[in-house]
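The structure file upload03.pdb is reproduced below (PDB, C-alpha atoms and all ligand atoms).
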ATOM      1  CA  MET A  28      46.018  88.647 -74.675
ATOM      2  CA  PRO A  29      47.917  86.181 -76.810
ATOM      3  CA  VAL A  30      49.730  86.770 -80.041
ATOM      4  CA  ILE A  31      48.064  85.876 -83.326
ATOM      5  CA  VAL A  32      49.672  84.261 -86.355
ATOM      6  CA  ASP A  33      48.101  85.651 -89.521
ATOM      7  CA  PRO A  34      47.502  82.698 -91.860
ATOM      8  CA  ASP A  35      47.558  85.046 -94.850
ATOM      9  CA  LEU A  36      51.131  86.092 -94.052
ATOM     10  CA  CYS A  37      52.741  83.036 -92.474
ATOM     11  CA  ASN A  38      54.610  81.003 -95.060
ATOM     12  CA  GLY A  39      55.969  78.523 -92.548
ATOM     13  CA  CYS A  40      59.408  79.984 -93.233
ATOM     14  CA  TYR A  41      59.504  77.757 -96.276
ATOM     15  CA  ASN A  42      60.672  74.295 -95.285
ATOM     16  CA  SER A  43      62.037  75.320 -91.917
ATOM     17  CA  LYS A  44      61.605  72.641 -89.290
ATOM     18  CA  GLN A  45      62.038  75.103 -86.445
ATOM     19  CA  PRO A  46      61.090  78.565 -87.657
ATOM     20  CA  PRO A  47      62.116  81.628 -85.625
ATOM     21  CA  CYS A  48      58.758  81.942 -83.889
ATOM     22  CA  VAL A  49      59.005  78.369 -82.626
ATOM     23  CA  ARG A  50      62.597  78.737 -81.538
ATOM     24  CA  MET A  51      62.175  82.085 -79.815
ATOM     25  CA  CYS A  52      59.199  81.239 -77.615
ATOM     26  CA  PRO A  53      60.616  80.517 -74.157
ATOM     27  CA  GLY A  54      57.554  78.478 -73.278
ATOM     28  CA  ASP A  55      57.477  76.328 -76.439
ATOM     29  CA  LEU A  56      53.937  77.541 -77.028
ATOM     30  CA  ILE A  57      54.145  77.999 -80.806
ATOM     31  CA  VAL A  58      54.290  74.995 -83.088
ATOM     32  CA  LYS A  59      54.517  74.539 -86.808
ATOM     33  CA  ASP A  60      51.787  72.493 -88.463
ATOM     34  CA  PHE A  61      53.551  70.624 -91.242
ATOM     35  CA  GLN A  62      50.238  69.790 -92.925
ATOM     36  CA  THR A  63      49.397  73.439 -93.524
ATOM     37  CA  ASN A  64      53.041  74.619 -93.438
ATOM     38  CA  GLN A  65      52.061  77.319 -90.982
ATOM     39  CA  ALA A  66      52.774  78.136 -87.373
ATOM     40  CA  TYR A  67      50.148  78.687 -84.710
ATOM     41  CA  LEU A  68      49.942  79.409 -81.023
ATOM     42  CA  LYS A  69      49.051  76.025 -79.591
ATOM     43  CA  TYR A  70      48.908  76.912 -75.909
ATOM     44  CA  VAL A  71      46.997  80.187 -75.977
ATOM     45  CA  ASP A  72      46.324  80.448 -72.251
ATOM     46  CA  ASP A  73      50.011  80.147 -71.387
ATOM     47  CA  CYS A  74      51.231  83.047 -73.545
ATOM     48  CA  TRP A  75      52.583  85.851 -71.345
ATOM     49  CA  ASP A  76      53.090  88.488 -74.058
ATOM     50  CA  CYS A  77      56.866  88.624 -73.966
ATOM     51  CA  LEU A  78      56.964  89.186 -77.780
ATOM     52  CA  PRO A  79      60.237  87.683 -79.103
ATOM     53  CA  CYS A  80      58.153  85.586 -81.484
ATOM     54  CA  VAL A  81      56.584  88.755 -82.898
ATOM     55  CA  LYS A  82      59.933  90.446 -83.483
ATOM     56  CA  ALA A  83      61.629  87.333 -84.873
ATOM     57  CA  CYS A  84      59.105  86.563 -87.597
ATOM     58  CA  PRO A  85      60.687  87.554 -90.937
ATOM     59  CA  GLU A  86      57.257  87.862 -92.582
ATOM     60  CA  GLU A  87      55.750  90.139 -89.910
ATOM     61  CA  ALA A  88      53.037  87.530 -89.692
ATOM     62  CA  ILE A  89      52.575  87.633 -85.918
ATOM     63  CA  ARG A  90      50.809  90.484 -84.194
ATOM     64  CA  PHE A  91      50.281  91.217 -80.573
ATOM     65  CA  GLN A  92      46.681  91.725 -79.612
ATOM     66  CA  LEU A  93      46.451  94.287 -76.841
ATOM     67  CA  SER A  94      44.781  93.444 -73.583
ATOM     68  CA  TYR A  95      41.249  94.635 -72.895
ATOM     69  CA  GLN A  96      42.574  97.310 -70.575
ATOM     70  CA  MET A  97      44.304  98.852 -73.585
ATOM     71  CA  GLY A  98      41.754  98.345 -76.312
ATOM     72  CA  PHE A  99      40.507  94.744 -76.495
ATOM     73  CA  TYR A 100      39.694  92.814 -79.657
ATOM     74  CA  ASN A 101      40.637  95.148 -82.476
ATOM     75  CA  ALA A 102      43.641  96.731 -80.819
ATOM     76  CA  SER A 103      47.000  95.369 -81.855
ATOM     77  CA  LEU A 104      50.709  96.040 -82.136
ATOM     78  CA  GLN A 105      52.821  94.989 -85.092
ATOM     79  CA  PRO A 106      56.569  95.541 -85.347
ATOM     80  CA  HIS A 107      58.639  96.273 -88.411
ATOM     81  CA  VAL A 108      62.294  95.538 -87.809
ATOM     82  CA  HIS A 109      64.471  97.922 -89.840
ATOM     83  CA  LYS A 110      67.256  96.593 -92.026
ATOM     84  CA  ASP A 111      69.895  98.024 -89.712
ATOM     85  CA  ARG A 112      68.361  95.964 -86.895
ATOM     86  CA  GLN A 113      68.878  98.956 -84.630
ATOM     87  CA  HIS A 114      65.313 100.249 -84.830
ATOM     88  CA  ILE A 115      61.785  98.913 -84.766
ATOM     89  CA  THR A 116      58.745 100.772 -85.989
ATOM     90  CA  TRP A 117      55.691  99.614 -84.097
ATOM     91  CA  THR A 118      52.301 100.081 -85.689
ATOM     92  CA  SER A 119      49.566 100.363 -83.138
ATOM     93  CA  VAL A 120      45.891 100.029 -83.990
ATOM     94  CA  ASP A 121      43.474 101.066 -81.287
ATOM     95  CA  CYS A 122      39.994  99.692 -80.722
ATOM     96  CA  ASN A 123      38.509 102.341 -83.060
ATOM     97  CA  GLY A 124      40.856 101.428 -85.872
ATOM     98  CA  LYS A 125      43.082 104.466 -85.408
ATOM     99  CA  VAL A 126      46.589 103.652 -86.653
ATOM    100  CA  GLU A 127      49.714 105.177 -85.150
ATOM    101  CA  GLU A 128      53.366 104.420 -85.682
ATOM    102  CA  PHE A 129      56.256 104.963 -83.342
ATOM    103  CA  GLN A 130      59.895 104.110 -83.715
ATOM    104  CA  ILE A 131      62.217 102.925 -80.994
ATOM    105  CA  ARG A 132      65.917 102.301 -80.978
ATOM    106  CA  THR A 133      66.722  98.742 -80.070
ATOM    107  CA  LYS A 134      68.836  95.826 -81.122
ATOM    108  CA  VAL A 135      67.281  92.839 -82.830
ATOM    109  CA  LEU A 136      69.530  89.979 -83.740
ATOM    110  CA  PRO A 137      68.557  87.931 -86.789
ATOM    111  CA  VAL A 138      67.248  84.458 -86.086
ATOM    112  CA  ALA A 139      68.156  81.745 -88.555
ATOM    113  CA  LEU A 140      65.285  79.701 -89.889
ATOM    114  CA  ASP A 141      66.584  76.511 -88.351
ATOM    115  CA  GLU A 142      69.078  75.543 -85.752
ATOM    116  CA  LYS A 143      72.399  74.928 -87.375
ATOM    117  CA  ILE A 144      72.962  71.227 -87.801
ATOM    118  CA  GLU A 145      76.529  70.163 -88.403
ATOM    119  CA  GLY A 146      77.200  69.506 -92.069
ATOM    120  CA  GLU A 147      74.017  71.271 -93.158
ATOM    121  CA  THR A 148      73.790  74.768 -94.607
ATOM    122  CA  THR A 149      70.955  77.045 -93.574
ATOM    123  CA  PRO A 150      69.769  79.783 -95.922
ATOM    124  CA  ASP A 151      69.840  83.273 -94.424
ATOM    125  CA  PHE A 152      66.509  84.982 -95.032
ATOM    126  CA  SER A 153      67.215  87.786 -92.577
ATOM    127  CA  ILE A 154      66.081  91.212 -93.748
TER     128      ILE A 154
HETATM  129  S1  LIG Z 201      58.379  82.912 -88.127
HETATM  130 FE1  LIG Z 201      56.569  83.904 -89.022
HETATM  131  S2  LIG Z 201      56.478  83.179 -91.158
HETATM  132 FE2  LIG Z 201      57.884  81.840 -90.037
HETATM  133  S3  LIG Z 201      56.597  80.132 -89.372
HETATM  134 FE3  LIG Z 201      56.627  81.617 -87.698
HETATM  135  S4  LIG Z 201      54.840  82.910 -88.032
HETATM  136 FE4  LIG Z 201      55.214  81.796 -89.929
HETATM  137  S1  LIG Z 202      54.528  86.293 -76.767
HETATM  138 FE1  LIG Z 202      56.154  85.163 -75.695
HETATM  139  S2  LIG Z 202      55.078  83.483 -74.622
HETATM  140 FE2  LIG Z 202      53.658  84.301 -76.163
HETATM  141  S3  LIG Z 202      53.962  82.962 -77.932
HETATM  142 FE3  LIG Z 202      55.303  84.759 -78.219
HETATM  143  S4  LIG Z 202      57.290  84.163 -77.372
HETATM  144 FE4  LIG Z 202      55.746  82.674 -76.621
END

Could you render the structure from this file as structure tokens?
Ligand code: SF4
Ligand code: SF4
Amino acid sequence: MPVIVDPDLCNGCYNSKQPPCVRMCPGDLIVKDFQTNQAYLKYVDDCWDCLPCVKACPEEAIRFQLSYQMGFYNASLQPHVHKDRQHITWTSVDCNGKVEEFQIRTKVLPVALDEKIEGETTPDFSI
């Protein structure tokens, strides 16, 4: 199942031309629509659920919809990257709406909102 960008949470990373979700997708499947100032998964069928886009989003606007074997439509996973960037709390929602949280130790490097262009300063919105 593909990831989903929540339009109520995505702020387009302000005026970022290449927001973290776009930059982190190894398949270039996510694009930013500059008309709406929001990102979306353009190539849904090609998404292979590797999840760096989900973890890189500073607004927690992308959630991973679990496959039908694990719950189908309503089941999802949403990460919350802790400030120390050494832990993630994952919120899982199963197909009956039951919410569970579990924390794992990991390492998540901050992703700048845009690639650094020489002579240009990039604001750091990392948590
Ligand atoms: S990283 Fe998150 S908030 Fe930024 S454009 Fe992508 S989905 Fe939207
Ligand atoms: S889950 Fe992986 S392949 Fe799918 S959109 Fe995110 S980064 Fe790209």

With all atoms listed in the file as the counted atoms, please give the residues lying no more than 10 Å from Asp60 (chain A), apart from itself and same-chain residues fewer than 3 positions off, as a PDB file with C-alpha atoms, in the coordinates of the input.
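Result file out-v6.pdb:
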ATOM      1  CA  GLY A  39      55.969  78.523 -92.548  1.00  0.00           C
ATOM      2  CA  LYS A  44      61.605  72.641 -89.290  1.00  0.00           C
ATOM      3  CA  ILE A  57      54.145  77.999 -80.806  1.00  0.00           C
ATOM      4  CA  THR A  63      49.397  73.439 -93.524  1.00  0.00           C
ATOM      5  CA  ASN A  64      53.041  74.619 -93.438  1.00  0.00           C
ATOM      6  CA  GLN A  65      52.061  77.319 -90.982  1.00  0.00           C
ATOM      7  CA  ALA A  66      52.774  78.136 -87.373  1.00  0.00           C
ATOM      8  CA  TYR A  67      50.148  78.687 -84.710  1.00  0.00           C
ATOM      9  CA  LYS A  69      49.051  76.025 -79.591  1.00  0.00           C
TER      10      LYS A  69
END

**OP:** For ligand LIG 202 (chain Z), list the contacting residues at 7 Å or closer, counting all atoms listed in the file, as number ranges by chain.
**Re:** A: 29-30, 51-57, 68, 73-81

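If you look at atom S1 of ligand LIG 201 (chain Z) and CA of Pro47 (chain A), they are 4.7 Å away from each other.
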
Original post:
the PyMOL selection byres (((not hetatm)) within 6 of (chain Z and resi 201)) on the file shown: which residues, as an MDAnalysis selection string?
Top reply: chainID A and resid 32 37:40 46:48 65:66 84:86 88:89

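The spacing separating CA of Gln45 (chain A) from CA of Val58 (chain A) amounts to 8.4 Å.
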
Please output region 68-80 of chain A, rebuilt to include N, CA and C atoms, as a short mmCIF file (atom, residue, chain, number, x, y, z; two decimals), in the frame of the given file.
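Final output, rebuild_6.cif:
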data_model
loop_
_atom_site.label_atom_id
_atom_site.label_comp_id
_atom_site.auth_asym_id
_atom_site.auth_seq_id
_atom_site.Cartn_x
_atom_site.Cartn_y
_atom_site.Cartn_z
N LEU A 68 49.77 79.41 -82.47
CA LEU A 68 49.94 79.41 -81.02
C LEU A 68 49.10 78.27 -80.45
N LYS A 69 49.77 77.22 -80.04
CA LYS A 69 49.05 76.03 -79.59
C LYS A 69 48.51 76.17 -78.17
N TYR A 70 49.30 76.83 -77.32
CA TYR A 70 48.91 76.91 -75.91
C TYR A 70 48.56 78.37 -75.58
N VAL A 71 47.41 78.78 -76.04
CA VAL A 71 47.00 80.19 -75.98
C VAL A 71 47.00 80.72 -74.54
N ASP A 72 46.47 79.95 -73.62
CA ASP A 72 46.32 80.45 -72.25
C ASP A 72 47.66 80.65 -71.55
N ASP A 73 48.71 80.05 -72.05
CA ASP A 73 50.01 80.15 -71.39
C ASP A 73 50.86 81.30 -71.90
N CYS A 74 50.43 81.97 -72.96
CA CYS A 74 51.23 83.05 -73.54
C CYS A 74 51.27 84.23 -72.59
N TRP A 75 52.47 84.75 -72.30
CA TRP A 75 52.58 85.85 -71.34
C TRP A 75 53.07 87.13 -72.02
N ASP A 76 52.88 87.22 -73.34
CA ASP A 76 53.09 88.49 -74.06
C ASP A 76 54.52 89.02 -73.98
N CYS A 77 55.48 88.14 -74.06
CA CYS A 77 56.87 88.62 -73.97
C CYS A 77 57.39 89.10 -75.33
N LEU A 78 56.80 88.65 -76.42
CA LEU A 78 56.96 89.19 -77.78
C LEU A 78 58.20 88.83 -78.61
N PRO A 79 59.14 88.01 -78.18
CA PRO A 79 60.24 87.68 -79.10
C PRO A 79 59.75 86.99 -80.37
N CYS A 80 58.69 86.24 -80.28
CA CYS A 80 58.15 85.59 -81.48
C CYS A 80 57.71 86.63 -82.50
#
